[in-house]
Structures are given as structure tokens and as C-alpha cells.
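Structure file data-v7.pdb with PDB, C-alpha atoms:
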ATOM      1  CA  MET A   1      -5.848 -23.795 -17.580
ATOM      2  CA  ILE A   2      -2.401 -22.212 -17.253
ATOM      3  CA  GLU A   3      -0.277 -22.659 -20.361
ATOM      4  CA  SER A   4       3.100 -24.350 -20.023
ATOM      5  CA  PHE A   5       5.950 -23.599 -22.387
ATOM      6  CA  THR A   6       9.719 -23.748 -22.708
ATOM      7  CA  VAL A   7      12.198 -20.968 -21.975
ATOM      8  CA  SER A   8      15.991 -20.890 -21.869
ATOM      9  CA  VAL A   9      17.880 -19.935 -18.699
ATOM     10  CA  ASN A  10      21.650 -19.563 -19.064
ATOM     11  CA  GLY A  11      21.585 -21.892 -22.047
ATOM     12  CA  ARG A  12      19.414 -24.608 -20.496
ATOM     13  CA  GLU A  13      15.825 -25.307 -21.481
ATOM     14  CA  GLU A  14      13.325 -25.090 -18.630
ATOM     15  CA  THR A  15       9.578 -25.562 -18.361
ATOM     16  CA  ALA A  16       7.685 -22.438 -17.296
ATOM     17  CA  SER A  17       4.152 -21.068 -17.176
ATOM     18  CA  GLY A  18       2.518 -17.748 -17.942
ATOM     19  CA  ASP A  19       1.576 -17.034 -14.335
ATOM     20  CA  GLU A  20       5.254 -16.909 -13.292
ATOM     21  CA  THR A  21       7.667 -14.019 -13.336
ATOM     22  CA  ILE A  22      11.299 -14.483 -14.260
ATOM     23  CA  LEU A  23      12.147 -14.174 -10.568
ATOM     24  CA  ASP A  24       9.689 -16.953  -9.702
ATOM     25  CA  LEU A  25      11.421 -19.249 -12.168
ATOM     26  CA  LEU A  26      14.926 -18.325 -11.013
ATOM     27  CA  ARG A  27      13.991 -19.044  -7.411
ATOM     28  CA  ARG A  28      12.424 -22.347  -8.400
ATOM     29  CA  LEU A  29      15.643 -23.292 -10.176
ATOM     30  CA  GLY A  30      17.759 -22.244  -7.191
ATOM     31  CA  ILE A  31      19.515 -19.434  -9.089
ATOM     32  CA  GLU A  32      20.365 -16.801  -6.512
ATOM     33  CA  THR A  33      19.018 -13.411  -7.538
ATOM     34  CA  PRO A  34      19.399 -10.285  -5.389
ATOM     35  CA  THR A  35      16.235  -8.369  -4.532
ATOM     36  CA  LEU A  36      15.580  -5.278  -2.441
ATOM     37  CA  CYS A  37      12.257  -3.681  -3.378
ATOM     38  CA  GLN A  38      10.549  -7.021  -4.072
ATOM     39  CA  HIS A  39       8.322  -8.437  -1.322
ATOM     40  CA  ASP A  40       6.236 -11.572  -1.724
ATOM     41  CA  ALA A  41       3.184  -9.950  -0.092
ATOM     42  CA  LEU A  42       3.249  -6.876  -2.360
ATOM     43  CA  ALA A  43       2.995  -6.268  -6.096
ATOM     44  CA  PRO A  44       6.438  -5.878  -7.714
ATOM     45  CA  ALA A  45       7.513  -2.235  -7.903
ATOM     46  CA  ALA A  46      10.665  -2.776  -9.996
ATOM     47  CA  ALA A  47      12.134   0.251  -8.216
ATOM     48  CA  CYS A  48      15.635  -0.916  -7.244
ATOM     49  CA  ARG A  49      16.747  -2.856 -10.372
ATOM     50  CA  ALA A  50      18.841  -5.230  -8.278
ATOM     51  CA  CYS A  51      17.281  -8.294  -9.929
ATOM     52  CA  VAL A  52      17.885  -7.353 -13.572
ATOM     53  CA  VAL A  53      18.534 -10.050 -16.172
ATOM     54  CA  GLU A  54      19.464 -10.007 -19.844
ATOM     55  CA  LEU A  55      16.891 -11.070 -22.439
ATOM     56  CA  LYS A  56      17.815 -11.976 -25.996
ATOM     57  CA  GLY A  57      16.511  -9.330 -28.366
ATOM     58  CA  SER A  58      15.941  -6.749 -25.643
ATOM     59  CA  ARG A  59      17.922  -3.512 -25.716
ATOM     60  CA  VAL A  60      17.621  -2.957 -21.968
ATOM     61  CA  LEU A  61      17.951  -5.260 -18.979
ATOM     62  CA  ALA A  62      14.656  -6.499 -17.534
ATOM     63  CA  ALA A  63      13.562  -6.498 -13.904
ATOM     64  CA  ALA A  64      13.067 -10.179 -13.053
ATOM     65  CA  CYS A  65      10.577  -9.407 -10.271
ATOM     66  CA  GLN A  66       8.088  -7.813 -12.660
ATOM     67  CA  ARG A  67       8.625  -9.345 -16.100
ATOM     68  CA  ARG A  68       6.299 -12.231 -16.897
ATOM     69  CA  LEU A  69       7.626 -15.286 -18.690
ATOM     70  CA  GLU A  70       6.855 -15.730 -22.372
ATOM     71  CA  PRO A  71       7.277 -18.738 -24.681
ATOM     72  CA  GLY A  72      10.768 -18.991 -26.152
ATOM     73  CA  MET A  73      12.244 -16.359 -23.843
ATOM     74  CA  GLU A  74      16.048 -16.602 -23.555
ATOM     75  CA  ILE A  75      17.253 -15.400 -20.153
ATOM     76  CA  ARG A  76      20.818 -14.811 -19.025
ATOM     77  CA  THR A  77      21.736 -14.103 -15.412
ATOM     78  CA  ASP A  78      25.463 -14.785 -15.684
ATOM     79  CA  THR A  79      26.733 -12.170 -18.147
ATOM     80  CA  ASP A  80      29.200  -9.385 -17.376
ATOM     81  CA  ARG A  81      26.518  -6.840 -18.270
ATOM     82  CA  VAL A  82      24.102  -8.224 -15.672
ATOM     83  CA  GLU A  83      26.737  -8.460 -12.969
ATOM     84  CA  SER A  84      28.011  -4.942 -13.663
ATOM     85  CA  ALA A  85      24.509  -3.469 -13.551
ATOM     86  CA  ARG A  86      23.653  -5.213 -10.304
ATOM     87  CA  ARG A  87      26.940  -4.196  -8.709
ATOM     88  CA  GLY A  88      26.314  -0.597  -9.740
ATOM     89  CA  VAL A  89      22.921  -0.615  -8.018
ATOM     90  CA  PHE A  90      24.402  -1.850  -4.756
ATOM     91  CA  GLU A  91      27.320   0.586  -4.891
ATOM     92  CA  LEU A  92      24.952   3.508  -5.382
ATOM     93  CA  LEU A  93      22.862   2.381  -2.413
ATOM     94  CA  LEU A  94      25.892   1.747  -0.196
ATOM     95  CA  GLY A  95      26.990   5.320  -0.785
ATOM     96  CA  GLN A  96      23.543   6.733  -0.111
ATOM     97  CA  GLY A  97      23.174   6.348   3.656
ATOM     98  CA  ASP A  98      23.311   4.135   6.727
ATOM     99  CA  THR A  99      23.068   0.479   5.633
ATOM    100  CA  ALA A 100      23.782  -1.164   9.000
ATOM    101  CA  PHE A 101      20.255  -2.566   9.349
ATOM    102  CA  GLY A 102      19.783  -3.714   5.745
ATOM    103  CA  PRO A 103      20.750  -7.415   5.719
ATOM    104  CA  ALA A 104      19.540  -8.031   2.153
ATOM    105  CA  LEU A 105      21.453  -4.982   0.948
ATOM    106  CA  LEU A 106      24.652  -6.014   2.702
ATOM    107  CA  LYS A 107      24.351  -9.631   1.543
ATOM    108  CA  GLY A 108      23.831  -8.617  -2.073
ATOM    109  CA  ALA A 109      26.703  -6.146  -1.972
ATOM    110  CA  LEU A 110      29.030  -8.787  -0.552
ATOM    111  CA  SER A 111      28.071 -11.399  -3.150
ATOM    112  CA  LEU A 112      28.694  -8.953  -6.003
ATOM    113  CA  GLY A 113      31.875  -7.448  -4.603
ATOM    114  CA  ALA A 114      30.286  -3.989  -4.430
ATOM    115  CA  SER A 115      32.354  -1.298  -2.726
ATOM    116  CA  ALA A 116      30.936   1.374  -0.430
ATOM    117  CA  ASP A 117      33.725   3.722  -1.560
ATOM    118  CA  THR A 118      32.780   3.869  -5.236
ATOM    119  CA  TYR A 119      30.375   6.782  -4.814
ATOM    120  CA  THR A 120      31.336   9.225  -2.084
ATOM    121  CA  GLY A 121      30.868  12.890  -1.413
ATOM    122  CA  GLU A 122      28.203  15.180  -0.090
ATOM    123  CA  ARG A 123      24.745  13.641  -0.043
ATOM    124  CA  TYR A 124      21.267  14.622   1.056
ATOM    125  CA  LEU A 125      20.454  13.243   4.515
ATOM    126  CA  PRO A 126      16.775  13.729   5.416
ATOM    127  CA  GLY A 127      17.380  12.523   8.972
ATOM    128  CA  MET A 128      15.129  11.259  11.730
ATOM    129  CA  ARG A 129      11.380  11.750  11.982
ATOM    130  CA  ASP A 130      10.304  11.088  15.562
ATOM    131  CA  ASP A 131       6.718  12.275  15.852
ATOM    132  CA  ASN A 132       4.673   9.443  17.375
ATOM    133  CA  ASP A 133       4.835   6.861  20.164
ATOM    134  CA  LEU A 134       4.773   3.689  18.035
ATOM    135  CA  PHE A 135       7.582   3.804  15.477
ATOM    136  CA  VAL A 136      10.371   6.044  14.241
ATOM    137  CA  ARG A 137      11.454   6.955  10.716
ATOM    138  CA  ASP A 138      15.170   7.290  10.017
ATOM    139  CA  TYR A 139      15.313   8.242   6.361
ATOM    140  CA  ASP A 140      19.103   8.243   6.306
ATOM    141  CA  ARG A 141      18.589   4.473   5.903
ATOM    142  CA  CYS A 142      15.926   4.745   3.191
ATOM    143  CA  ILE A 143      16.718   3.296  -0.255
ATOM    144  CA  LEU A 144      13.421   4.403  -1.875
ATOM    145  CA  CYS A 145      12.314   0.832  -2.448
ATOM    146  CA  MET A 146       8.643   1.968  -2.301
ATOM    147  CA  ARG A 147       7.554  -0.923  -0.084
ATOM    148  CA  CYS A 148       6.158   1.397   2.598
ATOM    149  CA  ILE A 149       4.150   3.341   0.012
ATOM    150  CA  GLU A 150       2.699   0.124  -1.392
ATOM    151  CA  ALA A 151       1.780  -1.191   2.067
ATOM    152  CA  CYS A 152       0.158   2.139   2.946
ATOM    153  CA  GLY A 153      -1.702   2.311  -0.368
ATOM    154  CA  PRO A 154      -4.052   0.016  -2.315
ATOM    155  CA  GLU A 155      -1.916  -3.084  -1.787
ATOM    156  CA  VAL A 156      -2.769  -3.331   1.925
ATOM    157  CA  GLN A 157      -4.016  -0.471   4.080
ATOM    158  CA  ASN A 158      -5.560   2.086   1.700
ATOM    159  CA  ALA A 159      -4.539   4.912   4.030
ATOM    160  CA  PHE A 160      -2.329   6.713   1.464
ATOM    161  CA  ALA A 161      -0.414   8.543   4.186
ATOM    162  CA  LEU A 162       2.996   8.115   2.516
ATOM    163  CA  ALA A 163       4.218   9.215  -0.893
ATOM    164  CA  LEU A 164       7.338  10.213  -2.778
ATOM    165  CA  SER A 165       8.322  13.814  -2.175
ATOM    166  CA  GLY A 166      10.886  16.077  -3.834
ATOM    167  CA  ARG A 167      13.014  15.622  -6.935
ATOM    168  CA  GLY A 168      16.454  14.334  -7.819
ATOM    169  CA  PHE A 169      18.765  13.993  -4.835
ATOM    170  CA  ASP A 170      16.072  15.563  -2.643
ATOM    171  CA  THR A 171      13.608  12.733  -3.307
ATOM    172  CA  GLY A 172      12.315  11.052  -0.158
ATOM    173  CA  ILE A 173       9.308   9.475   1.522
ATOM    174  CA  ALA A 174       7.003  11.857   3.363
ATOM    175  CA  ALA A 175       3.505  12.326   4.700
ATOM    176  CA  GLY A 176       1.385  14.828   2.791
ATOM    177  CA  PHE A 177       2.805  18.361   2.611
ATOM    178  CA  GLY A 178       5.658  17.317   4.914
ATOM    179  CA  ASP A 179       3.264  16.902   7.845
ATOM    180  CA  ALA A 180       4.074  14.871  10.932
ATOM    181  CA  LEU A 181       2.397  11.453  10.810
ATOM    182  CA  PRO A 182      -0.232  12.294  13.488
ATOM    183  CA  ALA A 183      -1.453  15.109  11.223
ATOM    184  CA  SER A 184      -1.639  12.832   8.185
ATOM    185  CA  ALA A 185      -3.960  10.009   7.136
ATOM    186  CA  CYS A 186      -1.748   7.466   8.935
ATOM    187  CA  VAL A 187      -3.653   4.891  11.016
ATOM    188  CA  PHE A 188      -0.441   3.603  12.687
ATOM    189  CA  CYS A 189      -0.964   0.005  11.633
ATOM    190  CA  GLY A 190       2.818  -0.403  11.327
ATOM    191  CA  ASN A 191       2.513  -2.367   8.083
ATOM    192  CA  CYS A 192       5.059  -0.027   6.502
ATOM    193  CA  VAL A 193       7.447  -1.002   9.305
ATOM    194  CA  ALA A 194       6.810  -4.690   8.665
ATOM    195  CA  VAL A 195       7.953  -4.495   5.022
ATOM    196  CA  CYS A 196      10.869  -2.048   5.371
ATOM    197  CA  PRO A 197      14.122  -3.855   4.384
ATOM    198  CA  THR A 198      16.656  -1.415   5.846
ATOM    199  CA  GLY A 199      15.449  -0.295   9.282
ATOM    200  CA  ALA A 200      14.444   3.137   7.995
ATOM    201  CA  LEU A 201      11.132   2.362   9.697
ATOM    202  CA  MET A 202      11.476   0.718  13.097
ATOM    203  CA  ASP A 203       9.182  -0.080  16.019
ATOM    204  CA  ARG A 204       9.926   2.305  18.862
ATOM    205  CA  ARG A 205      10.661  -0.462  21.359
ATOM    206  CA  GLU A 206      13.292  -1.962  19.060
ATOM    207  CA  TYR A 207      14.722   1.499  18.359
ATOM    208  CA  VAL A 208      15.063   2.295  22.071
ATOM    209  CA  LEU A 209      16.659  -1.055  22.874
ATOM    210  CA  ARG A 210      19.096  -0.744  19.974
ATOM    211  CA  LYS A 211      20.027   2.754  21.111
ATOM    212  CA  GLU A 212      20.725   1.347  24.569
ATOM    213  CA  HIS A 213      22.710  -1.542  22.986
ATOM    214  CA  ASP A 214      20.177  -3.901  24.539
ATOM    215  CA  TRP A 215      18.435  -5.365  21.453
ATOM    216  CA  GLU A 216      19.255  -9.082  21.641
ATOM    217  CA  PRO A 217      17.522 -11.185  18.929
ATOM    218  CA  GLU A 218      19.395 -14.284  20.110
ATOM    219  CA  GLU A 219      17.552 -13.987  23.453
ATOM    220  CA  GLN A 220      14.148 -13.745  21.789
ATOM    221  CA  GLU A 221      11.689 -16.592  21.547
ATOM    222  CA  ILE A 222       8.834 -16.317  19.053
ATOM    223  CA  VAL A 223       5.493 -17.545  20.381
ATOM    224  CA  GLN A 224       2.547 -17.735  17.989
ATOM    225  CA  THR A 225      -0.932 -16.863  19.171
ATOM    226  CA  THR A 226      -4.236 -15.475  17.891
ATOM    227  CA  CYS A 227      -5.061 -11.796  18.252
ATOM    228  CA  SER A 228      -7.770 -11.292  20.862
ATOM    229  CA  TYR A 229      -9.079  -7.895  19.785
ATOM    230  CA  CYS A 230     -11.703  -9.040  17.275
ATOM    231  CA  GLY A 231     -13.078 -12.137  15.575
ATOM    232  CA  VAL A 232     -10.964 -11.978  12.405
ATOM    233  CA  GLY A 233      -8.373 -14.347  13.868
ATOM    234  CA  CYS A 234      -5.093 -12.772  12.770
ATOM    235  CA  GLN A 235      -2.078 -14.789  13.819
ATOM    236  CA  LEU A 236       0.500 -12.963  15.928
ATOM    237  CA  GLU A 237       4.141 -13.701  16.599
ATOM    238  CA  LEU A 238       5.125 -12.512  20.054
ATOM    239  CA  HIS A 239       8.846 -11.755  20.173
ATOM    240  CA  ILE A 240       9.637 -12.451  23.821
ATOM    241  CA  ASP A 241      13.010 -11.515  25.239
ATOM    242  CA  ARG A 242      13.483 -14.215  27.870
ATOM    243  CA  SER A 243      16.327 -12.350  29.561
ATOM    244  CA  LYS A 244      13.862  -9.530  30.299
ATOM    245  CA  ASN A 245      10.675 -11.641  30.401
ATOM    246  CA  GLU A 246       9.266  -8.996  28.098
ATOM    247  CA  ILE A 247       7.386  -8.793  24.801
ATOM    248  CA  VAL A 248       9.610  -6.554  22.697
ATOM    249  CA  GLN A 249       7.827  -6.802  19.349
ATOM    250  CA  ILE A 250       4.764  -8.234  17.634
ATOM    251  CA  THR A 251       4.731  -9.356  14.015
ATOM    252  CA  SER A 252       2.511 -11.581  11.897
ATOM    253  CA  PRO A 253       3.692 -14.361   9.553
ATOM    254  CA  PHE A 254       3.390 -13.333   5.901
ATOM    255  CA  GLY A 255       2.200 -16.840   5.090
ATOM    256  CA  ASP A 256      -0.854 -16.530   7.330
ATOM    257  CA  ARG A 257      -4.044 -16.890   5.277
ATOM    258  CA  THR A 258      -5.940 -14.439   7.467
ATOM    259  CA  SER A 259      -3.581 -11.523   8.057
ATOM    260  CA  GLN A 260      -1.117 -12.223   5.206
ATOM    261  CA  GLY A 261       1.446 -10.634   7.522
ATOM    262  CA  PHE A 262      -0.380  -7.337   7.993
ATOM    263  CA  LEU A 263      -2.071  -6.103  11.176
ATOM    264  CA  CYS A 264      -4.050  -3.189  12.563
ATOM    265  CA  VAL A 265      -2.722  -0.811  15.189
ATOM    266  CA  LYS A 266      -4.254  -2.850  18.010
ATOM    267  CA  GLY A 267      -2.835  -6.161  16.860
ATOM    268  CA  ARG A 268       0.680  -4.815  16.346
ATOM    269  CA  TYR A 269       1.017  -2.329  19.185
ATOM    270  CA  GLY A 270      -1.831  -2.870  21.630
ATOM    271  CA  TYR A 271      -0.228  -5.336  24.024
ATOM    272  CA  SER A 272       0.183  -3.222  27.173
ATOM    273  CA  PHE A 273      -2.821  -5.029  28.698
ATOM    274  CA  VAL A 274      -0.525  -8.018  29.242
ATOM    275  CA  THR A 275       0.899  -6.306  32.319
ATOM    276  CA  ALA A 276      -1.823  -3.775  33.070
ATOM    277  CA  GLY A 277      -1.499  -2.757  36.720
ATOM    278  CA  SER A 278       1.719  -4.680  37.303
ATOM    279  CA  GLY A 279       3.870  -1.560  37.551
ATOM    280  CA  GLU A 280       6.864  -3.509  36.226
ATOM    281  CA  GLY A 281       8.637  -0.967  34.097
ATOM    282  CA  THR A 282       7.863   0.425  30.663
ATOM    283  CA  GLY A 283       8.103  -2.766  28.589
ATOM    284  CA  GLN A 284       5.428  -5.346  27.919
ATOM    285  CA  LYS A 285       5.988  -8.420  30.065
ATOM    286  CA  ALA A 286       5.447 -11.879  28.655
ATOM    287  CA  PRO A 287       2.498 -13.895  29.967
ATOM    288  CA  HIS A 288       3.661 -16.391  32.587
ATOM    289  CA  GLY A 289       4.272 -19.772  31.043
ATOM    290  CA  SER A 290       3.822 -18.585  27.446
TER     291      SER A 290
END
Represent the structure from my file as C-alpha cells, please.
Amino acid sequence: MIESFTVSVNGREETASGDETILDLLRRLGIETPTLCQHDALAPAAACRACVVELKGSRVLAAACQRRLEPGMEIRTDTDRVESARRGVFELLLGQGDTAFGPALLKGALSLGASADTYTGERYLPGMRDDNDLFVRDYDRCILCMRCIEACGPEVQNAFALALSGRGFDTGIAAGFGDALPASACVFCGNCVAVCPTGALMDRREYVLRKEHDWEPEEQEIVQTTCSYCGVGCQLELHIDRSKNEIVQITSPFGDRTSQGFLCVKGRYGYSFVTAGSGEGTGQKAPHGS
């Protein structure tokens, strides 16, 4: 039986349980808390420190995504110290690289009044890695949230193709020994792409359409179906661009009990059979009437 106890949040007593993190409680109470590295389908990495809170008796701020609740805990989310620390995180990230495709990053920065001009100057730009036909890696957008490493490792895929590389300002995400992905242990499941919050990892079809200024989410209809490649029964979301009558992306809902949002290479990228022999361009056309 899970123990229930009382904690204090911004001066108000609340009922909590030992299987909750501070972030779980804050979300349940409707207290908006910025997150970047946290993903509900992965174990908390506590890498970005965007969700920090102040705990009575603690010298340092605590990461709400990772810290478990304890009886009598006194939590503050509304102090100047918390706000300053969170703002500092977002200002550092805004000055690090291209943030155009990081909606959570931009939203958090806006809510905290973070400025992109606080930290400027010369910075390390690892650039584009374009070495396979399925997705591209633009590490100028990477914020080192570690989600891709977790999805590639024991949390999901157990391929261990990605890891932190370098030190200090030269730290980045890389395949072993700086190899191209095809030479690494990568199985091209695309689960790293699915959890990336900034567009540093992007499906090639989306990348090409964005480059051509032809990526139109407002024209996309999401149709749910079951993957036909094996008997597991993973649920797929077909992103169909109706203006092109074309499947432009496949994802899986993270709430699905079977896939939990993660797919294999066939489920995520193996949809060319939809128009096999049609000769209608390079995209994947949507099934008629779907």
C-alpha cells in the first residue's frame, strides 16, 4: 500500500504519496513548471535544471522531475531564487544555438522573461550530420537534454549507439568514436527523433519539406492505425498532408500500452509500400479513403 502524507507547497498543505515526484505533484496541482529534459516515457535525467524548486533545509535547489516527495517536505516554486535560476537556464540555452524548433524552450523562456542576448559571443557549433536516408542530426539545435541517449540505451532500445562526447564547450552527442551512424550500433528505429524536444533530430521527410518551406502541420490529418509488419500490434499515427495526399511522417502515441510511443525501423519508416509501383513522386501517398 502506498503511503500518503502531507507536504507544503508555497505555504499550502497538500496530500501526497511516496510514489510521486515533486513534478508529479506540481502538475496535479496545476502549478506550471518548465521542463526540457523530462519526458513522461523516460526516466528523469535531471540534466537541464529548468524545473528546479526550493526545499526548506536544502542548501541547493532540487530538480522537481527527479526528487521524490517525502513527509513534511516544504516546497517553494515562487521565490526569487527559483525564478532567477530557471531564467538563467533558459538564457544559457537561448545563447547556445538555433532554438527555432524548440517550442518548450521558447515557451519557457517567454514565461520567465529570459533574454537571448544575455550570453553572446563565440560558441562551439558542431553542425549538421547527414549520413543516412531516414533522419538528420543538426547539433546546432542540441541542448544536451540526454533524451536521445536514454531512448537509445536501456530505457527503450538498448542499442547504445549514442553517447556524450567531448568536454566543456566541446561536449556533444555522437556515435562511438565519432563514426557516422551507419557504422555504429544504430538500428535506425528513430526513437531518438521521437523524444528530441528541439528538432536537433528530425525525420528526413520533415527536414526536406521544411527546407523547401513546404512543411504545413495545419494541413496534416492524423489517422491512427495498427502496424502491419508483425503481430505485436503497435499503434501508428499517420501524419497525412491532405494538400499533397501524402504520408509525411509516422509517430506512435506515447500513451499506447503496446508501443508506449516507441517503434522499430519498419514501423516508423517502412511505409513506401503504400504507393509501391505508383510512380507518383518521392513521397508516401496516403491510402485512398483513409
Check: What is the atom CA of Ser272 of chain A-atom CA of Asp241 of chain A distance in Å, reported with one decimal?
Finding: 15.4 Å
Next item on the list: For Gln220 of chain A, work out the shell of residues within 7 Å, counting all atoms listed in the file and skipping chain neighbours fewer than 6 positions away, then give it as a PyMOL selection string.
Entry: chain A and resi 239-242
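Distances to Ala46 of chain A were evaluated for A:Arg67, A:Arg137, A:Arg59, A:Arg204 using all atoms listed in the file, and the minimum falls at A:Arg67.
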Margin query: Nearest residue to Glu216 of chain A out of A:Leu201, A:Ala45, A:Val265, A:Val248, using only C-alpha atoms?
Written below: A:Val248
Check: Got a sec to resolve the PyMOL selection byres ((chain A and resi 147-160) around 8) on this structure and send the residues as number ranges by chain?
Finding: A: 37-39, 42-43, 45, 145-146, 161-163, 185-187, 191-193, 195-196, 262
Please dump the current selection as a PDB file, keeping the file's coordinate frame; keep C-alpha atoms.
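Result file follows (result-v8.pdb):
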ATOM      1  CA  CYS A  37      12.257  -3.681  -3.378  1.00  0.00           C
ATOM      2  CA  GLN A  38      10.549  -7.021  -4.072  1.00  0.00           C
ATOM      3  CA  HIS A  39       8.322  -8.437  -1.322  1.00  0.00           C
ATOM      4  CA  LEU A  42       3.249  -6.876  -2.360  1.00  0.00           C
ATOM      5  CA  ALA A  43       2.995  -6.268  -6.096  1.00  0.00           C
ATOM      6  CA  ALA A  45       7.513  -2.235  -7.903  1.00  0.00           C
ATOM      7  CA  CYS A 145      12.314   0.832  -2.448  1.00  0.00           C
ATOM      8  CA  MET A 146       8.643   1.968  -2.301  1.00  0.00           C
ATOM      9  CA  ALA A 161      -0.414   8.543   4.186  1.00  0.00           C
ATOM     10  CA  LEU A 162       2.996   8.115   2.516  1.00  0.00           C
ATOM     11  CA  ALA A 163       4.218   9.215  -0.893  1.00  0.00           C
ATOM     12  CA  ALA A 185      -3.960  10.009   7.136  1.00  0.00           C
ATOM     13  CA  CYS A 186      -1.748   7.466   8.935  1.00  0.00           C
ATOM     14  CA  VAL A 187      -3.653   4.891  11.016  1.00  0.00           C
ATOM     15  CA  ASN A 191       2.513  -2.367   8.083  1.00  0.00           C
ATOM     16  CA  CYS A 192       5.059  -0.027   6.502  1.00  0.00           C
ATOM     17  CA  VAL A 193       7.447  -1.002   9.305  1.00  0.00           C
ATOM     18  CA  VAL A 195       7.953  -4.495   5.022  1.00  0.00           C
ATOM     19  CA  CYS A 196      10.869  -2.048   5.371  1.00  0.00           C
ATOM     20  CA  PHE A 262      -0.380  -7.337   7.993  1.00  0.00           C
TER      21      PHE A 262
END
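With distances restricted to all atoms listed in the file, A:Val274 is the closest residue to Ser228 of chain A from A:Cys142, A:Leu134, A:Val274, A:Ala63.
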Next item on the list: Give me the residues within 6 Å of Ile250 of chain A as an NGL selection string, counting all atoms listed in the file and dropping any in the same chain fewer than 2 places off.
Entry: :A and (237-239 or 268)
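Nearest to Asp117 of chain A of all the residues A:Gly30, A:Gly95, A:Gly233, A:Pro44 is A:Gly95, counting only C-alpha atoms.
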Which residues are near segment 75-88 of chain A? Cut-off 9 Å, all atoms listed in the file, ignore same chain within fewer than 2 positions. Put them as a short mmCIF file (atom, residue, chain, number, x, y, z; two decimals) with C-alpha atoms, in the frame of the given file.
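What ended up in part_1.cif:
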data_model
loop_
_atom_site.label_atom_id
_atom_site.label_comp_id
_atom_site.auth_asym_id
_atom_site.auth_seq_id
_atom_site.Cartn_x
_atom_site.Cartn_y
_atom_site.Cartn_z
CA VAL A 7 12.20 -20.97 -21.98
CA SER A 8 15.99 -20.89 -21.87
CA VAL A 9 17.88 -19.93 -18.70
CA ASN A 10 21.65 -19.56 -19.06
CA GLY A 11 21.58 -21.89 -22.05
CA ILE A 22 11.30 -14.48 -14.26
CA ILE A 31 19.52 -19.43 -9.09
CA THR A 33 19.02 -13.41 -7.54
CA PRO A 34 19.40 -10.28 -5.39
CA ARG A 49 16.75 -2.86 -10.37
CA ALA A 50 18.84 -5.23 -8.28
CA CYS A 51 17.28 -8.29 -9.93
CA VAL A 52 17.89 -7.35 -13.57
CA VAL A 53 18.53 -10.05 -16.17
CA GLU A 54 19.46 -10.01 -19.84
CA LEU A 55 16.89 -11.07 -22.44
CA LYS A 56 17.82 -11.98 -26.00
CA LEU A 61 17.95 -5.26 -18.98
CA MET A 73 12.24 -16.36 -23.84
CA PHE A 90 24.40 -1.85 -4.76
CA GLU A 91 27.32 0.59 -4.89
CA LEU A 92 24.95 3.51 -5.38
CA LEU A 93 22.86 2.38 -2.41
CA GLY A 108 23.83 -8.62 -2.07
CA ALA A 109 26.70 -6.15 -1.97
CA LEU A 112 28.69 -8.95 -6.00
CA GLY A 113 31.88 -7.45 -4.60
CA ALA A 114 30.29 -3.99 -4.43
CA SER A 115 32.35 -1.30 -2.73
#
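The two atoms in question, atom CA of Arg129 of chain A and atom CA of Cys48 of chain A, are spaced 23.4 Å apart.
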Next item on the list: In the coordinate frame of the file, compute which residues have an atom within 10 Å of (-0.1, -24.7, -21.3) when using only C-alpha atoms, and state them as a ChimeraX atom specification.
Entry: /A:1-6,16-18
Next item on the list: Evaluate the PyMOL selection byres ((chain A and resi 103) around 12) on the structure here and hand back the selected residues as a PyMOL selection string.
Entry: chain A and resi 34-36+98-102+104-110+196-199
Using the chain letters and numbers from the file, which residues does the PyMOL selection byres ((chain A and resi 164) around 10) grab, as a PDB file with C-alpha atoms, keeping the file's coordinate frame?
ATOM      1  CA  LEU A 144      13.421   4.403  -1.875  1.00  0.00           C
ATOM      2  CA  MET A 146       8.643   1.968  -2.301  1.00  0.00           C
ATOM      3  CA  ILE A 149       4.150   3.341   0.012  1.00  0.00           C
ATOM      4  CA  LEU A 162       2.996   8.115   2.516  1.00  0.00           C
ATOM      5  CA  ALA A 163       4.218   9.215  -0.893  1.00  0.00           C
ATOM      6  CA  SER A 165       8.322  13.814  -2.175  1.00  0.00           C
ATOM      7  CA  GLY A 166      10.886  16.077  -3.834  1.00  0.00           C
ATOM      8  CA  ARG A 167      13.014  15.622  -6.935  1.00  0.00           C
ATOM      9  CA  THR A 171      13.608  12.733  -3.307  1.00  0.00           C
ATOM     10  CA  GLY A 172      12.315  11.052  -0.158  1.00  0.00           C
ATOM     11  CA  ILE A 173       9.308   9.475   1.522  1.00  0.00           C
ATOM     12  CA  ALA A 174       7.003  11.857   3.363  1.00  0.00           C
ATOM     13  CA  ALA A 175       3.505  12.326   4.700  1.00  0.00           C
ATOM     14  CA  GLY A 176       1.385  14.828   2.791  1.00  0.00           C
TER      15      GLY A 176
END
Which centre and edge lengths in Å to one decimal define the box along x, y and z that fits every listed atom of segment 90-95 of chain A plus 6 Å per side, as AutoDock Vina command-line options?
--center_x 25.1 --center_y 1.7 --center_z -2.8 --size_x 16.5 --size_y 19.2 --size_z 17.2
